[in-house]
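Structure file structure25.cif (mmCIF, C-alpha atoms) follows.
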data_my_file
loop_
_atom_site.label_atom_id
_atom_site.label_comp_id
_atom_site.auth_asym_id
_atom_site.auth_seq_id
_atom_site.Cartn_x
_atom_site.Cartn_y
_atom_site.Cartn_z
CA MET S 202 89.87 66.61 87.33
CA THR S 203 88.75 69.30 84.90
CA ARG S 204 85.65 67.27 84.07
CA LEU S 205 84.85 66.88 87.77
CA ASN S 206 85.18 70.65 88.29
CA SER S 207 82.86 71.28 85.34
CA VAL S 208 80.25 68.87 86.72
CA SER S 209 80.51 70.50 90.17
CA SER S 210 80.04 73.96 88.65
CA ILE S 211 76.98 72.83 86.68
CA PHE S 212 75.46 71.15 89.75
CA GLY S 213 76.10 74.31 91.79
CA ILE S 214 74.34 76.44 89.18
CA VAL S 215 71.39 74.02 89.16
CA LEU S 216 71.14 74.28 92.96
CA ILE S 217 71.14 78.08 92.78
CA ILE S 218 68.37 78.00 90.15
CA LEU S 219 66.31 75.57 92.25
CA ASN S 220 66.76 77.76 95.33
CA SER S 221 65.67 80.83 93.37
CA ILE S 222 62.54 79.07 92.12
CA VAL S 223 61.60 77.92 95.63
CA ILE S 224 62.23 81.39 97.08
CA LEU S 225 60.15 83.14 94.41
CA GLN S 226 57.32 80.62 94.60
CA PHE S 227 57.11 79.87 98.32
CA GLY S 228 59.30 82.41 100.15
CA LEU S 229 62.73 82.59 101.75
CA LEU S 230 61.83 80.69 104.93
CA GLU S 231 60.46 77.71 103.00
CA SER S 232 63.75 77.33 101.11
CA ARG S 233 65.86 76.79 104.22
CA TRP S 234 66.38 73.01 103.88
CA LEU S 235 67.36 73.23 100.23
CA ARG S 236 69.52 76.23 101.15
CA ILE S 237 71.28 74.23 103.89
CA PHE S 238 71.98 71.39 101.42
CA THR S 239 73.36 73.94 98.94
CA TYR S 240 75.68 75.35 101.60
CA PHE S 241 76.83 71.82 102.44
CA PHE S 242 77.68 71.22 98.77
CA PHE S 243 79.44 74.60 98.48
CA GLY S 244 81.36 73.78 101.67
CA ILE S 245 82.69 70.56 100.13
CA LEU S 246 83.92 72.47 97.07
CA PHE S 247 85.34 75.26 99.23
CA PHE S 248 87.40 73.06 101.55
CA LYS S 249 88.52 70.88 98.64
CA ASP S 250 90.37 73.82 97.09
CA ILE S 251 91.33 75.91 100.12
CA GLN S 252 94.96 76.15 101.23
CA LYS S 253 95.69 75.50 104.89
CA ASP S 254 97.19 78.97 105.45
CA GLN S 255 94.18 80.80 103.99
CA TYR S 256 92.48 80.99 107.39
CA TYR S 257 91.01 84.46 106.81
CA LEU S 258 89.22 83.19 103.72
CA ILE S 259 87.97 80.20 105.72
CA ALA S 260 86.70 82.56 108.43
CA ALA S 261 84.92 84.74 105.86
CA PHE S 262 83.14 81.74 104.31
CA LEU S 263 82.06 80.26 107.64
CA VAL S 264 80.83 83.61 109.01
CA VAL S 265 78.67 84.42 105.97
CA VAL S 266 77.13 80.94 105.97
CA ILE S 267 76.43 81.01 109.72
CA SER S 268 74.97 84.52 109.54
CA ASP S 269 72.58 83.53 106.76
CA TYR S 270 71.57 80.33 108.56
CA LEU S 271 70.79 82.23 111.77
CA PHE S 272 68.86 84.88 109.86
CA ILE S 273 66.77 82.37 107.91
CA CYS S 274 66.01 79.99 110.76
CA HIS S 275 65.31 82.56 113.50
CA SER S 276 63.48 85.82 113.97
CA ARG S 277 64.39 88.29 111.22
CA ILE S 278 63.78 91.37 113.35
CA ASP S 279 65.90 90.24 116.30
CA LEU S 280 68.81 89.20 114.10
CA GLU S 281 69.05 92.13 111.68
CA ASN S 282 71.72 93.89 113.77
CA SER S 283 73.53 90.60 114.31
CA LYS S 284 73.44 90.00 110.56
CA MET S 285 75.15 93.35 109.98
CA ILE S 286 77.78 92.56 112.63
CA LEU S 287 78.56 89.16 111.12
CA GLY S 288 78.50 90.67 107.62
CA GLY S 289 81.05 93.27 108.70
CA ILE S 290 83.26 90.57 110.24
CA SER S 291 83.19 88.57 107.00
CA TYR S 292 84.13 91.71 105.02
CA ILE S 293 87.10 92.37 107.31
CA ALA S 294 88.17 88.71 107.01
CA LEU S 295 88.18 89.06 103.21
CA VAL S 296 90.18 92.29 103.51
CA LEU S 297 92.74 90.51 105.69
CA HIS S 298 92.94 87.72 103.12
CA LEU S 299 93.60 90.23 100.33
CA ARG S 300 96.08 92.34 102.30
CA ARG S 301 99.09 90.22 101.19
CA TYR S 302 98.16 90.81 97.58
CA VAL S 303 97.72 94.57 97.87
CA LYS S 304 100.45 95.58 100.33
CA ILE S 305 101.71 98.07 97.79
CA LEU S 306 98.55 100.11 98.40
CA PHE S 307 100.00 101.35 101.70
CA ILE S 308 103.58 101.92 100.56
CA ASN S 309 102.67 105.34 99.16
CA TYR S 310 101.89 107.64 102.13
CA PHE S 311 99.72 109.91 100.00
CA GLN S 312 97.55 106.97 98.95
CA THR S 313 97.31 105.87 102.58
CA MET S 314 96.18 109.30 103.78
CA LEU S 315 93.73 109.56 100.88
CA PHE S 316 92.33 106.14 101.76
CA ILE S 317 91.82 107.16 105.40
CA LEU S 318 90.17 110.45 104.37
CA VAL S 319 87.75 108.77 101.98
CA LEU S 320 87.02 106.12 104.60
CA ALA S 321 86.09 108.82 107.15
CA LEU S 322 83.89 110.63 104.62
CA ASN S 323 82.22 107.33 103.79
CA ALA S 324 81.43 106.71 107.46
CA VAL S 325 79.91 110.18 107.85
CA MET S 326 77.87 109.77 104.66
CA PHE S 327 76.43 106.42 105.73
CA TYR S 328 75.68 107.78 109.20
CA LEU S 329 73.72 110.70 107.75
CA LEU S 330 71.92 108.35 105.38
CA PHE S 331 71.02 106.04 108.24
CA GLU S 332 69.73 108.95 110.31
CA ILE S 333 67.54 110.11 107.42
CA ILE S 334 65.91 106.78 106.66
CA SER S 335 65.70 105.34 110.18
CA VAL S 336 62.68 105.69 112.36
CA ALA S 337 62.76 107.89 115.42
CA ASP S 338 64.74 105.87 117.91
CA HIS S 339 66.98 107.10 120.73
CA ASN S 340 68.98 103.88 120.83
CA PRO S 341 72.41 104.72 119.31
CA MET S 342 73.53 101.10 118.93
CA PRO S 343 71.94 100.49 115.48
CA SER S 344 73.66 103.63 114.17
CA ILE S 345 77.04 102.53 115.54
CA ILE S 346 76.64 99.06 114.05
CA PHE S 347 75.64 100.55 110.71
CA ILE S 348 78.69 102.88 110.66
CA LEU S 349 81.10 100.02 111.43
CA PHE S 350 79.40 97.85 108.83
CA SER S 351 79.74 100.66 106.26
CA ILE S 352 83.45 101.07 107.00
CA ALA S 353 84.05 97.33 106.56
CA LEU S 354 82.04 97.41 103.33
CA PHE S 355 84.04 100.32 101.95
CA CYS S 356 87.38 98.68 102.84
CA LEU S 357 86.37 95.48 101.07
CA MET S 358 85.34 97.36 97.93
CA VAL S 359 88.65 99.27 97.84
CA PHE S 360 90.76 96.13 98.31
CA THR S 361 88.69 94.16 95.80
CA PHE S 362 89.00 96.68 92.97
CA TYR S 363 92.68 97.29 93.71
CA PHE S 364 93.23 93.53 93.65
CA ASN S 365 91.56 93.44 90.23
CA SER S 366 93.67 96.33 88.93
CA MET S 367 96.85 94.46 89.93
CA TYR S 368 96.03 91.03 88.44
CA GLU S 369 93.18 91.55 85.95
CA ASN S 370 92.48 87.83 85.54
CA LYS S 371 89.52 85.51 85.95
CA SER S 372 90.12 85.15 89.69
CA SER S 373 90.00 88.92 90.31
CA ARG S 374 86.88 89.32 88.18
CA ILE S 375 85.10 86.53 90.04
CA LEU S 376 86.05 88.24 93.31
CA ILE S 377 84.43 91.47 92.12
CA ILE S 378 81.24 89.57 91.27
CA ALA S 379 81.23 87.80 94.66
CA THR S 380 81.85 91.06 96.53
CA LEU S 381 79.16 93.01 94.67
CA LEU S 382 76.62 90.22 95.21
CA LEU S 383 77.35 89.81 98.94
CA VAL S 384 77.38 93.56 99.53
CA GLY S 385 74.26 93.97 97.39
CA SER S 386 72.43 91.27 99.33
CA ASP S 387 73.29 92.92 102.66
CA LEU S 388 72.19 96.34 101.41
CA THR S 389 68.98 94.76 100.11
CA LEU S 390 68.42 93.32 103.58
CA ILE S 391 68.91 96.76 105.14
CA ILE S 392 66.38 98.27 102.72
CA SER S 393 63.90 95.50 103.46
CA SER S 394 64.16 96.20 107.20
CA PHE S 395 62.94 99.76 106.58
CA THR S 396 60.29 98.96 103.96
CA ASN S 397 59.03 95.69 105.49
CA SER S 398 58.75 94.31 101.97
CA GLY S 399 58.88 90.56 101.54
CA SER S 400 60.12 90.91 97.97
CA PHE S 401 63.35 92.48 99.22
CA TYR S 402 63.90 89.52 101.56
CA ASP S 403 63.47 87.18 98.59
CA LEU S 404 65.92 89.21 96.53
CA TYR S 405 68.39 89.09 99.42
CA GLY S 406 68.13 85.30 99.53
CA ILE S 407 68.90 84.94 95.81
CA LEU S 408 71.76 87.48 95.68
CA PHE S 409 73.37 86.08 98.81
CA LEU S 410 73.33 82.51 97.51
CA ILE S 411 74.87 83.50 94.17
CA GLY S 412 77.46 85.54 96.08
CA ILE S 413 78.45 82.50 98.15
CA GLY S 414 78.75 80.41 94.99
CA SER S 415 80.96 83.09 93.43
CA LEU S 416 83.14 83.17 96.57
CA VAL S 417 83.61 79.39 96.32
CA LYS S 418 84.58 79.77 92.65
CA PHE S 419 87.06 82.51 93.58
CA THR S 420 88.59 80.19 96.18
CA SER S 421 89.28 77.49 93.59
CA LEU S 422 90.84 80.00 91.17
CA ASP S 423 92.68 81.89 93.91
CA SER S 424 94.33 78.70 95.16
CA ARG S 425 95.47 77.57 91.71
CA VAL S 426 96.24 80.75 89.77
CA ILE S 427 97.52 83.33 92.24
CA PRO S 428 100.28 82.51 94.77
CA TYR S 429 99.50 83.11 98.42
CA ASN S 430 103.06 82.71 99.67
CA SER S 431 104.44 86.14 100.61
CA GLU S 432 107.75 85.71 98.70
CA GLU S 433 105.96 84.63 95.54
CA ILE S 434 103.57 87.58 95.79
CA GLN S 435 106.48 89.99 96.05
CA LYS S 436 107.90 88.51 92.84
CA THR S 437 104.61 88.98 91.00
CA THR S 438 104.20 92.57 92.19
#

Kindly present the structure from the file in structure tokens form.
Amino acid sequence: MTRLNSVSSIFGIVLIILNSIVILQFGLLESRWLRIFTYFFFGILFFKDIQKDQYYLIAAFLVVVISDYLFICHSRIDLENSKMILGGISYIALVLHLRRYVKILFINYFQTMLFILVLALNAVMFYLLFEIISVADHNPMPSIIFILFSIALFCLMVFTFYFNSMYENKSSRILIIATLLLVGSDLTLIISSFTNSGSFYDLYGILFLIGIGSLVKFTSLDSRVIPYNSEEIQKTT
């Protein structure tokens, strides 16, 4: 079994390298069929290790894959807002998956109030940033979507790093890598929408794919190393 997991990991890394080469040489759109095959392979590994009660993690994986597929195979401009919406949903799904592990975060009322305050300041900061860099447009919907996306992003970062501070093992470190890559890819996509630079789209494609691979790796470690049953979690915390 260990040998099979090692072979699967190596094959996954090879697929990511091949995707990166195709993206850099020919562009993101031209890599879609190889990308779809890579997602199919990652899906096999993901559902092989997933536990049946980890439905939030399943939702997060499916949403990020679907959002990327829609973005690659359809008009980029029309789907940029939809990509942010789906990205925010996947972030919230990951937060809901982690909530059992980090319940202690909300036991202390001071920490809870501090979390809410920082969350509000984060929303205001991202709104001001969006207003500065956006073109003159009287449509408020992109701003609203961006604020909600920023809140979901911030929540995921808080839960991820708190999860790592509690367990400090390989699973938590892989989760940090997956989170940073997925968030980084989405932020790269936002930047590319303002600069209209194809290089940023290519960077998005590479970061996003590595992030998905890291999420699959986290799933295998999360299912084997860290208990998901509520009673077992209470014992470990």

Practice prompt. Would you translate the PyMOL selection byres ((chain S and resi 218-232) around 12) into the concrete set of residues it matches in this file, as number ranges by chain?
Written response: S: 211-217, 233-240, 269-277, 399-411, 414

Please tabulate, as a tab-separated table, the residues of segment 211-304 of chain S that come within 12 Å of segment 364-373 of chain S, each with its closest pair of atoms and the distance in Å to one decimal, counting only C-alpha atoms and ordering rows by chain, then residue number upward.
residue	atom	partner	partner_atom	distance
S:Leu295	CA	S:Phe364	CA	11.7
S:Val296	CA	S:Phe364	CA	10.4
S:His298	CA	S:Phe364	CA	11.1
S:Leu299	CA	S:Phe364	CA	7.5
S:Arg300	CA	S:Phe364	CA	9.2
S:Arg301	CA	S:Phe364	CA	10.1
S:Tyr302	CA	S:Phe364	CA	6.9
S:Val303	CA	S:Phe364	CA	6.2
S:Lys304	CA	S:Phe364	CA	10.0

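Nearest-residue note for Leu357 of chain S: choosing from S:Ser291, S:Ser283, S:Ser386, S:Thr420, the minimum distance belongs to S:Ser291, counting only C-alpha atoms.
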
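With all atoms listed in the file as the basis for measurement, S:Leu297 is the residue among S:Phe355, S:Ile391, S:Asn206, S:Leu297 that approaches Tyr256 of chain S most closely.
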
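The two atoms in question, atom CA of Leu388 of chain S and atom CA of Val265 of chain S, are spaced 14.3 Å apart.
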
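Note that the spacing between atom CA of Ala294 of chain S and atom CA of Ile259 of chain S amounts to 8.6 Å.
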
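Going from atom CA of Gly288 of chain S to atom CA of Val266 of chain S covers 10.0 Å.
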
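Among the candidates S:Ala379, S:Lys253, S:Ile345, S:Phe242, the one nearest to Ile286 of chain S when counting all atoms listed in the file is S:Ile345.
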
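Distances from S:Ile348, S:Tyr292, S:Ala260, S:Ser209 to Ile245 of chain S were compared using only C-alpha atoms, and the smallest one belongs to S:Ser209.
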
Item to complete: Please provide the set of residues having any atom within 10 Å of Ile378 of chain S, restricted to all atoms listed in the file, with same-chain residues fewer than 6 positions apart removed, written as a ChimeraX atom specification.
Response: /S:361,384,411-412,415-416,419

Worksheet, complete the sentence: Pro343 of chain S proximity check over S:Gly385, S:Phe360, S:Ile377, S:Asn282, using only C-alpha atoms: winner is S:Asn282

Neighbours of Gly289 of chain S within 7 Å (only C-alpha atoms; same-chain residues fewer than 5 positions away dropped), as a PDB file with C-alpha atoms, keeping the file's coordinate frame?
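Output (selection_30.pdb):
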ATOM      1  CA  PHE S 350      79.400  97.850 108.830  1.00  0.00           C
ATOM      2  CA  ALA S 353      84.050  97.330 106.560  1.00  0.00           C
ATOM      3  CA  LEU S 354      82.040  97.410 103.330  1.00  0.00           C
TER       4      LEU S 354
END
